[in-house]
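Contents: one structure, followed by commentary.
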Amino acid sequence: MSRAVVFVSDLGLRDEFVGVCHAVVVRVAPDAHVIDISHGIAPHDIRAGALVLAQCLRYAPEDAIGLGIIDPGVGTERLAIAIETEAGHLLVGPNNGLLSIAWRADGGVRRAVAIDAPDVVLQPVSEVFHGRDVFAPAAGHLAAGRDLATLGTPIDTDRLVEVVMGEPQVEQGKVVGEVLDVDRFGNIRLNVRLEHLRVAGLDGETVLQVTATGQAASARRIVSYSEVEIGAYGILVDAWGWMAIIRYEANACADLGVRTGDPIWLTT
Amino acid sequence: MSRAVVFVSDLGLRDEFVGVCHAVVVRVAPDAHVIDISHGIAPHDIRAGALVLAQCLRYAPEDAIGLGIIDPGVGTERLAIAIETEAGHLLVGPNNGLLSIAWRADGGVRRAVAIDAPDVVLQPVSEVFHGRDVFAPAAGHLAAGRDLATLGTPIDTDRLVEVVMGEPQVEQGKVVGEVLDVDRFGNIRLNVRLEHLRVAGLDGETVLQVTATGQAASARRIVSYSEVEIGAYGILVDAWGWMAIIRYEANACADLGVRTGDPIWLTT
Amino acid sequence: MSRAVVFVSDLGLRDEFVGVCHAVVVRVAPDAHVIDISHGIAPHDIRAGALVLAQCLRYAPEDAIGLGIIDPGVGTERLAIAIETEAGHLLVGPNNGLLSIAWRADGGVRRAVAIDAPDVVLQPVSEVFHGRDVFAPAAGHLAAGRDLATLGTPIDTDRLVEVVMGEPQVEQGKVVGEVLDVDRFGNIRLNVRLEHLRVAGLDGETVLQVTATGQAASARRIVSYSEVEIGAYGILVDAWGWMAIIRYEANACADLGVRTGDPIWLTT
């Protein structure tokens, strides 16, 4: 039986991009399970995709292949890579940092290749869509059990590009974080963890002031959504361990008027 | 071979919520077919999700597991349940009514458990996303053939929550219904069935007046979309037996300005 | 093992339409891989769907079944068809041209049936959703290995409807094309191929003037996106061989204000 493929991209679901990658994987590995984690990553947001891929991979079958396609540099010198992590995960994607949070979570990279084997890459290779012609077939071959080393030329792991996760600024009584993402429900995920609140001495507060560039709100420290009234703000640890600002049965993002990358001040 | 899982939620497809649930199911039941019925149910609209799950389950493989995740009460006292219907379907979801239309269609509940077995629930359980940590693994174990009784503590079926479907008001010459849903094409689904028109004596009319709170229109009684001119209104029995208001190759909803839950008057 | 089903529609992913078709396919062919190419084709845009289906089918497993559901004529005299192409592909959909670009790419139709076998079609057939009751079960039966001839009544191939692809107007120094589609990234796909530029003597130009009905821009002839500065226009051959107008890390469509079907003038 083929291994599962865990797929994250910014390709969206409106067009045929994701579907044709599925087709290519399944053509190589007919019984492979392709698991669509998200294709709604904001266009070209490598860091957001890297985070989602790393976070979700540990919930997938242990031998699942990670496939990431967020690729603004397609057609340039950036390499198409397949790597094996120190924990044994196989990952496929562009060498732009998209896979790096996943391999750091696994303790680093054991070996890496540039995907260039003629019997892997589909010819002619489109210079604008390596997803279909390079990454999907590589993932398919790995899912079908082919060895990583046969996908292309070995490369030195110090050529691998990593993304940088900005850390919040923490001082006594204040944490300045950044909006990582806003989900379908308008919940605002920050690059802040409980530990940052602890260091700032804010962990014991029952209410935090949340200040965005345009608006501000008082948010109760809660554990689950429904601890606040409908429409009221809360701040809680989300399903991935990030502090998130929510409004119960309402949209926190729309009200605070924030977007990914915006700064948020948390104070008493 | 694993059983199929039929999945309905309000989680949307932009974020990683649905994908990580897939990953969890497939980790437990590697060859399970996860069928995404819809993840575009309006946030927190339990009734709409309950209806879609019940309607679609009868088209799925007979032994398919129903998985519903619309869960505004996550983290509260509401139970996470797995139930077996009198017709033999297995259903997994929150105890908020989401599964209830499906089990009523099956003649009721034969047995029910609160999902709390330590080898089912993923630890630590997020208090904001039982989809990933409670419901998806439970569905995966059922798909893999594990017995319902081993998923947790048996509960009394009279503790199970049901949703109420509002019935239209019917009198001679008038039916006052409610908008159940508006689909991608702008077609307006009402909580009205042909039988209601019959009781009101409206079934023989070739044209019905459709009155919304703001706008009104004349709609021809038709069987298929193309019986009216482009842009003209029709009223027909939809694929699930509901009366629906359509405009051929146009958007009825945008023109009438209605939303889910709005009243609609049908008269001569 | 069942054959894969490659599925293209305008049904969208918000509602239950696509999901219930999956359920029906899987009920008939439990281990069939259903590959969702795109369900975001603009409502009723048969030509766009026909193009996507034809383009993607050749990337799928060789024995994959093509399933197309864009069906404004549902419930009318238009036939529901299943056909075998001269190259051996099996295709299922309405007889409105949706399958025709795929069969032309395969050299034509070898045999065709109207899908009407009582043990294929689900009863009662909804007059507004043959996707669920006619096309999905037919695709499922073909995926499970059933012979095309058993799905219904043979029909003459000269009854089959084809779509017409408009050709650009080409003269010395000028190509007048049409917008085929705009993708998630705002890239504008034209019905123009490199050959048309060659005939117009425009292939050697390093910059082309792109004129839409309201706006105009200068676009550099490039091979990959990143050859232009952020926000600058380029024109390149896309992944399917069409000339496409792009802005690097920006939205060409929003800026030029064009929509599918609009004319575009390419000149020096």
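Ligands are numbered from 1 in the order shown, chains are lettered A, B, ... in the order of the structure tokens, and residues start at 1 in each chain.
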Distance-based interface of chain A with chain C, 6 Å, counting only C-alpha atoms, as a list in words: Arg14, Asp15, Glu16, Gly19, Val20, Ala23, Val24, Arg27, Gly75, Ser126, Glu127, Val128 and Phe129 of chain A
Keeping N, CA, C and O atoms, export the residues of the selection given above as a short mmCIF file (atom, residue, chain, number, x, y, z; two decimals), in the first residue's frame.
```cif
data_model
loop_
_atom_site.label_atom_id
_atom_site.label_comp_id
_atom_site.auth_asym_id
_atom_site.auth_seq_id
_atom_site.Cartn_x
_atom_site.Cartn_y
_atom_site.Cartn_z
N ARG A 14 -10.30 27.01 -6.40
CA ARG A 14 -11.16 27.43 -7.51
C ARG A 14 -10.64 26.89 -8.83
O ARG A 14 -11.40 26.43 -9.68
N ASP A 15 -9.32 26.95 -9.02
CA ASP A 15 -8.71 26.56 -10.28
C ASP A 15 -8.34 25.07 -10.26
O ASP A 15 -8.57 24.38 -9.29
N GLU A 16 -7.71 24.62 -11.33
CA GLU A 16 -7.39 23.21 -11.50
C GLU A 16 -6.02 22.85 -10.92
O GLU A 16 -5.59 21.69 -11.03
N GLY A 19 -6.06 20.06 -8.15
CA GLY A 19 -6.60 18.82 -8.71
C GLY A 19 -5.63 18.12 -9.64
O GLY A 19 -5.50 16.89 -9.60
N VAL A 20 -4.93 18.89 -10.46
CA VAL A 20 -4.01 18.22 -11.39
C VAL A 20 -2.81 17.66 -10.63
O VAL A 20 -2.26 16.62 -11.04
N ALA A 23 -3.99 14.38 -9.49
CA ALA A 23 -3.99 13.43 -10.61
C ALA A 23 -2.60 12.86 -10.82
O ALA A 23 -2.42 11.65 -11.01
N VAL A 24 -1.60 13.73 -10.77
CA VAL A 24 -0.22 13.29 -11.02
C VAL A 24 0.26 12.34 -9.91
O VAL A 24 0.87 11.31 -10.20
N ARG A 27 -1.46 9.04 -10.42
CA ARG A 27 -0.98 8.32 -11.60
C ARG A 27 0.27 7.51 -11.24
O ARG A 27 0.46 6.39 -11.74
N GLY A 75 10.68 28.74 -11.51
CA GLY A 75 11.35 29.12 -12.75
C GLY A 75 12.67 29.86 -12.54
O GLY A 75 13.36 30.17 -13.50
N SER A 126 6.83 22.92 -17.18
CA SER A 126 6.37 24.31 -17.23
C SER A 126 7.23 25.16 -16.31
O SER A 126 7.52 24.77 -15.18
N GLU A 127 7.64 26.33 -16.80
CA GLU A 127 8.45 27.21 -15.96
C GLU A 127 7.62 27.99 -14.96
O GLU A 127 8.14 28.81 -14.19
N VAL A 128 6.28 27.81 -15.01
CA VAL A 128 5.43 28.54 -14.07
C VAL A 128 4.65 27.62 -13.14
O VAL A 128 3.90 28.10 -12.29
N PHE A 129 4.80 26.29 -13.28
CA PHE A 129 4.03 25.40 -12.41
C PHE A 129 4.81 24.10 -12.15
O PHE A 129 4.49 23.06 -12.71
#
```
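Look at Ser218 of chain C: the protein and nucleic acid residues within 9 Å of it, using only C-alpha atoms and passing over chain neighbours fewer than 3 places away, are Val207, Leu208, Gln209, Val210, Thr211, Ala232, Tyr233 and Gly234 of chain C.
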Those of segment 87-152 of chain B in DSSP strand (DSSP E), formatted as a VMD selection string: chain B and resid 90 to 94 109 to 115 152
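Picture a line from atom CA of Ala144 of chain A to atom CA of Asp116 of chain A; it runs 17.8 Å.
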DSSP-assigned alpha helix (DSSP H) among segment 97-178 of chain C, expressed as a list of chain:residue names: C:Ser100, C:Ile101, C:Ala102, C:Trp103, C:Arg104, C:Ala105, C:His130, C:Ala136, C:Pro137, C:Ala138, C:Ala139, C:Gly140, C:His141, C:Leu142, C:Ala143
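Every protein, DNA or RNA residue with an atom at most 8 Å from Ala80 of chain B, where only C-alpha atoms count and chain neighbours fewer than 3 positions away do not, is listed here: Val92, Gly93, Pro94, Asn95, Ala114, Ile115, Val134 and Phe135 of chain B.
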Residues at most 10 Å from Leu180 of chain A, counting only C-alpha atoms, excluding those fewer than 2 positions away in the same chain, as a PDB file with C-alpha atoms, in the first residue's frame?
```
ATOM      1  CA  ARG A  47       5.863  31.266   6.563  1.00  0.00           C
ATOM      2  CA  ALA A  48       2.139  30.581   7.094  1.00  0.00           C
ATOM      3  CA  LEU A  51       3.731  26.529   9.982  1.00  0.00           C
ATOM      4  CA  MET A 165       9.571  33.056  12.804  1.00  0.00           C
ATOM      5  CA  GLY A 166       9.451  36.504  14.398  1.00  0.00           C
ATOM      6  CA  GLY A 177       3.045  40.161  19.045  1.00  0.00           C
ATOM      7  CA  GLU A 178       2.122  39.810  15.429  1.00  0.00           C
ATOM      8  CA  VAL A 182      -7.003  34.930  10.776  1.00  0.00           C
ATOM      9  CA  ASP A 183      -9.258  31.912  10.401  1.00  0.00           C
ATOM     10  CA  ILE A 188      -6.915  36.084  15.311  1.00  0.00           C
ATOM     11  CA  ARG A 189      -3.900  33.842  15.874  1.00  0.00           C
ATOM     12  CA  LEU A 190      -0.846  35.596  17.341  1.00  0.00           C
ATOM     13  CA  ASN A 191       2.806  34.555  17.366  1.00  0.00           C
ATOM     14  CA  VAL A 192       2.477  34.535  21.154  1.00  0.00           C
ATOM     15  CA  TRP A 242      -0.883  29.962  20.010  1.00  0.00           C
ATOM     16  CA  ALA A 244      -5.748  33.694  19.855  1.00  0.00           C
ATOM     17  CA  ARG A 259      -4.606  41.523   8.930  1.00  0.00           C
ATOM     18  CA  THR A 260      -1.815  38.966   8.877  1.00  0.00           C
ATOM     19  CA  GLY A 261       1.449  40.616   9.879  1.00  0.00           C
ATOM     20  CA  ASP A 262      -0.156  43.429  11.898  1.00  0.00           C
ATOM     21  CA  PRO A 263       1.236  44.126  15.388  1.00  0.00           C
TER      22      PRO A 263
END
```
Between atom CA of Leu79 of chain A and atom CA of Asn96 of chain A, distance in Å (one decimal): 8.3 Å
